[in-house]
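One structure below.
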Amino acid sequence: MHLIHPPEELESAVAAAAAWLKLGTEALSVAIILASMAIALARLLAGLLRRPAGDVRMGLARGLSLALEFQLAADIVGTAISPDWDQIGKLAAVAAIRTFLNYFLQRELAGEAATASAPFTPADAAPPGPGKSSAGRA
């Protein structure tokens, strides 16, 4: 059986397009991180928004999570064209680390959102009664 290979010009054009796409995706990820950091810093320093630090952390965590997704996409694009085993191994390690980080960021965001949406009751503000510690309250 005779395999037909695409012209070298086409292969090099696709490889160049993938390299530019990877670079653009990485640049977008860096821009998201910079914007998220700038917004978080502005919220902390301005005092005009009067947001609790938890809200600022949640906003920054959302930005970091989105940036991690773009970084993972850039890594996948980078190994899509003629990967060797070394590149595949590095992608697997980086993907595992970024997925691990993103999982825990998302978990923390979900926990913060659940805490923020929980109704406030007067019992939450009351000091513990005699013989009760604050750790014993639910």
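We label chains A, B, ... in the order they appear in the structure tokens, count residues from 1 in each chain, and number ligands from 1 in the order shown.
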
Who sits within 7 Å of Ser29 of chain A, only C-alpha atoms, same chain under 2 positions skipped, as a PyMOL selection string: chain A and resi 25-27+31-33+67+70-71

If you count only C-alpha atoms, which residues fall within 10 Å of segment 93-99 of chain A, apart from same-chain ones fewer than 6 positions away, as a PDB file with N, CA, C and O atoms, in the first residue's frame?
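Ended up saving to around_38.pdb:
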ATOM      1  N   SER A  65      -8.350  30.589  36.958  1.00  0.00           N
ATOM      2  CA  SER A  65      -8.905  29.351  36.418  1.00  0.00           C
ATOM      3  C   SER A  65      -9.082  29.453  34.898  1.00  0.00           C
ATOM      4  O   SER A  65      -8.726  28.526  34.163  1.00  0.00           O
ATOM      5  N   LEU A  68      -5.684  29.256  33.263  1.00  0.00           N
ATOM      6  CA  LEU A  68      -5.184  27.882  33.231  1.00  0.00           C
ATOM      7  C   LEU A  68      -5.798  27.099  32.073  1.00  0.00           C
ATOM      8  O   LEU A  68      -5.121  26.295  31.424  1.00  0.00           O
ATOM      9  N   GLU A  69      -7.069  27.329  31.810  1.00  0.00           N
ATOM     10  CA  GLU A  69      -7.722  26.648  30.682  1.00  0.00           C
ATOM     11  C   GLU A  69      -7.070  27.047  29.355  1.00  0.00           C
ATOM     12  O   GLU A  69      -6.827  26.204  28.496  1.00  0.00           O
ATOM     13  N   GLN A  71      -3.985  28.164  28.972  1.00  0.00           N
ATOM     14  CA  GLN A  71      -2.640  27.610  28.946  1.00  0.00           C
ATOM     15  C   GLN A  71      -2.666  26.141  28.535  1.00  0.00           C
ATOM     16  O   GLN A  71      -1.815  25.696  27.758  1.00  0.00           O
ATOM     17  N   LEU A  72      -3.627  25.398  29.054  1.00  0.00           N
ATOM     18  CA  LEU A  72      -3.754  23.993  28.675  1.00  0.00           C
ATOM     19  C   LEU A  72      -4.074  23.865  27.185  1.00  0.00           C
ATOM     20  O   LEU A  72      -3.507  23.018  26.492  1.00  0.00           O
ATOM     21  N   ALA A  73      -4.944  24.731  26.691  1.00  0.00           N
ATOM     22  CA  ALA A  73      -5.264  24.715  25.258  1.00  0.00           C
ATOM     23  C   ALA A  73      -4.020  25.016  24.426  1.00  0.00           C
ATOM     24  O   ALA A  73      -3.780  24.370  23.401  1.00  0.00           O
ATOM     25  N   ASP A  75      -0.929  24.398  25.238  1.00  0.00           N
ATOM     26  CA  ASP A  75      -0.057  23.221  25.289  1.00  0.00           C
ATOM     27  C   ASP A  75      -0.538  22.128  24.346  1.00  0.00           C
ATOM     28  O   ASP A  75       0.260  21.467  23.680  1.00  0.00           O
ATOM     29  N   ILE A  76      -1.844  21.948  24.276  1.00  0.00           N
ATOM     30  CA  ILE A  76      -2.395  20.931  23.376  1.00  0.00           C
ATOM     31  C   ILE A  76      -2.126  21.304  21.927  1.00  0.00           C
ATOM     32  O   ILE A  76      -1.713  20.463  21.120  1.00  0.00           O
ATOM     33  N   GLN A  87       7.588  15.364  24.025  1.00  0.00           N
ATOM     34  CA  GLN A  87       6.551  16.402  24.080  1.00  0.00           C
ATOM     35  C   GLN A  87       5.262  15.874  24.695  1.00  0.00           C
ATOM     36  O   GLN A  87       4.601  16.570  25.471  1.00  0.00           O
ATOM     37  N   LEU A 105      -9.066  25.128  42.477  1.00  0.00           N
ATOM     38  CA  LEU A 105      -9.588  26.491  42.358  1.00  0.00           C
ATOM     39  C   LEU A 105     -11.106  26.471  42.213  1.00  0.00           C
ATOM     40  O   LEU A 105     -11.808  27.240  42.874  1.00  0.00           O
TER      41      LEU A 105
END

Contact residues around segment 11-20 of chain A with only C-alpha atoms at 10 Å, ignoring same-chain residues under 2 positions, as a ChimeraX atom specification: /A:5-9,22-26,74,77-82

Store the residues picked out above, limited to N, CA and C atoms, as an mmCIF file, in the first residue's frame.
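That gives us part_39.cif:
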data_model
loop_
_atom_site.group_PDB
_atom_site.id
_atom_site.type_symbol
_atom_site.label_atom_id
_atom_site.label_comp_id
_atom_site.auth_asym_id
_atom_site.auth_seq_id
_atom_site.Cartn_x
_atom_site.Cartn_y
_atom_site.Cartn_z
ATOM 1 N N HIS A 5 1.643 11.453 0.867
ATOM 2 C CA HIS A 5 2.033 12.467 1.855
ATOM 3 C C HIS A 5 1.660 13.845 1.347
ATOM 4 N N PRO A 6 1.171 14.710 2.239
ATOM 5 C CA PRO A 6 0.869 16.077 1.796
ATOM 6 C C PRO A 6 2.155 16.809 1.441
ATOM 7 N N PRO A 7 2.040 17.820 0.618
ATOM 8 C CA PRO A 7 3.237 18.578 0.245
ATOM 9 C C PRO A 7 3.883 19.210 1.478
ATOM 10 N N GLU A 8 5.192 19.330 1.429
ATOM 11 C CA GLU A 8 5.924 19.897 2.558
ATOM 12 C C GLU A 8 5.489 21.328 2.849
ATOM 13 N N GLU A 9 5.127 22.068 1.816
ATOM 14 C CA GLU A 9 4.681 23.447 2.029
ATOM 15 C C GLU A 9 3.417 23.488 2.890
ATOM 16 N N LYS A 22 -0.716 28.861 19.123
ATOM 17 C CA LYS A 22 -0.208 28.595 20.471
ATOM 18 C C LYS A 22 0.277 29.885 21.111
ATOM 19 N N LEU A 23 1.033 30.671 20.369
ATOM 20 C CA LEU A 23 1.546 31.938 20.900
ATOM 21 C C LEU A 23 0.404 32.891 21.253
ATOM 22 N N GLY A 24 -0.592 32.970 20.387
ATOM 23 C CA GLY A 24 -1.742 33.837 20.657
ATOM 24 C C GLY A 24 -2.530 33.391 21.879
ATOM 25 N N THR A 25 -2.695 32.083 22.025
ATOM 26 C CA THR A 25 -3.429 31.548 23.177
ATOM 27 C C THR A 25 -2.665 31.805 24.465
ATOM 28 N N GLU A 26 -1.343 31.637 24.432
ATOM 29 C CA GLU A 26 -0.525 31.931 25.613
ATOM 30 C C GLU A 26 -0.573 33.417 25.957
ATOM 31 N N ALA A 74 -3.209 25.966 24.868
ATOM 32 C CA ALA A 74 -1.976 26.297 24.143
ATOM 33 C C ALA A 74 -1.025 25.107 24.125
ATOM 34 N N VAL A 77 -2.325 22.573 21.581
ATOM 35 C CA VAL A 77 -2.044 23.023 20.214
ATOM 36 C C VAL A 77 -0.562 22.836 19.893
ATOM 37 N N GLY A 78 0.304 23.112 20.872
ATOM 38 C CA GLY A 78 1.747 22.981 20.650
ATOM 39 C C GLY A 78 2.193 21.568 20.357
ATOM 40 N N THR A 79 1.479 20.577 20.874
ATOM 41 C CA THR A 79 1.864 19.192 20.616
ATOM 42 C C THR A 79 1.006 18.533 19.539
ATOM 43 N N ALA A 80 0.099 19.273 18.944
ATOM 44 C CA ALA A 80 -0.793 18.694 17.932
ATOM 45 C C ALA A 80 -0.077 18.376 16.628
ATOM 46 N N ILE A 81 0.970 19.091 16.317
ATOM 47 C CA ILE A 81 1.687 18.887 15.059
ATOM 48 C C ILE A 81 2.932 18.042 15.317
ATOM 49 N N SER A 82 2.929 16.827 14.799
ATOM 50 C CA SER A 82 4.062 15.908 14.880
ATOM 51 C C SER A 82 4.704 15.848 16.264
#

Two-atom distance - atom CA of Ala46 of chain A, atom CA of Asn102 of chain A (Å): 28.5 Å

Straight-line distance linking atom CA of Leu109 of chain A with atom CA of Ala40 of chain A, stated in Å to one decimal: 15.2 Å

Separation of atom CA of Leu64 of chain A from atom CA of Val30 of chain A in Å: 9.7 Å

Which neighbours of Gln106 of chain A fall inside 10 Å, counting only C-alpha atoms, when residues of the same chain fewer than 6 positions from it are skipped, and could you give them as an mmCIF file with N, CA and C atoms, in the first residue's frame?
data_model
loop_
_atom_site.group_PDB
_atom_site.id
_atom_site.type_symbol
_atom_site.label_atom_id
_atom_site.label_comp_id
_atom_site.auth_asym_id
_atom_site.auth_seq_id
_atom_site.Cartn_x
_atom_site.Cartn_y
_atom_site.Cartn_z
ATOM 1 N N MET A 58 -12.338 35.580 45.092
ATOM 2 C CA MET A 58 -13.137 34.794 44.152
ATOM 3 C C MET A 58 -12.975 35.307 42.719
ATOM 4 N N ALA A 61 -9.559 34.247 41.563
ATOM 5 C CA ALA A 61 -9.535 32.802 41.318
ATOM 6 C C ALA A 61 -10.229 32.456 40.004
ATOM 7 N N ARG A 62 -11.337 33.137 39.697
ATOM 8 C CA ARG A 62 -12.018 32.906 38.409
ATOM 9 C C ARG A 62 -11.095 33.242 37.237
ATOM 10 N N SER A 65 -8.350 30.589 36.958
ATOM 11 C CA SER A 65 -8.905 29.351 36.418
ATOM 12 C C SER A 65 -9.082 29.453 34.898
ATOM 13 N N GLU A 112 -16.801 28.983 48.361
ATOM 14 C CA GLU A 112 -17.001 30.406 48.661
ATOM 15 C C GLU A 112 -18.393 30.850 48.234
#

Every residue of segment 1-113 of chain A that DSSP places in helix (DSSP H, G or I), as a PyMOL selection string: chain A and resi 8-46+53-80+85-113
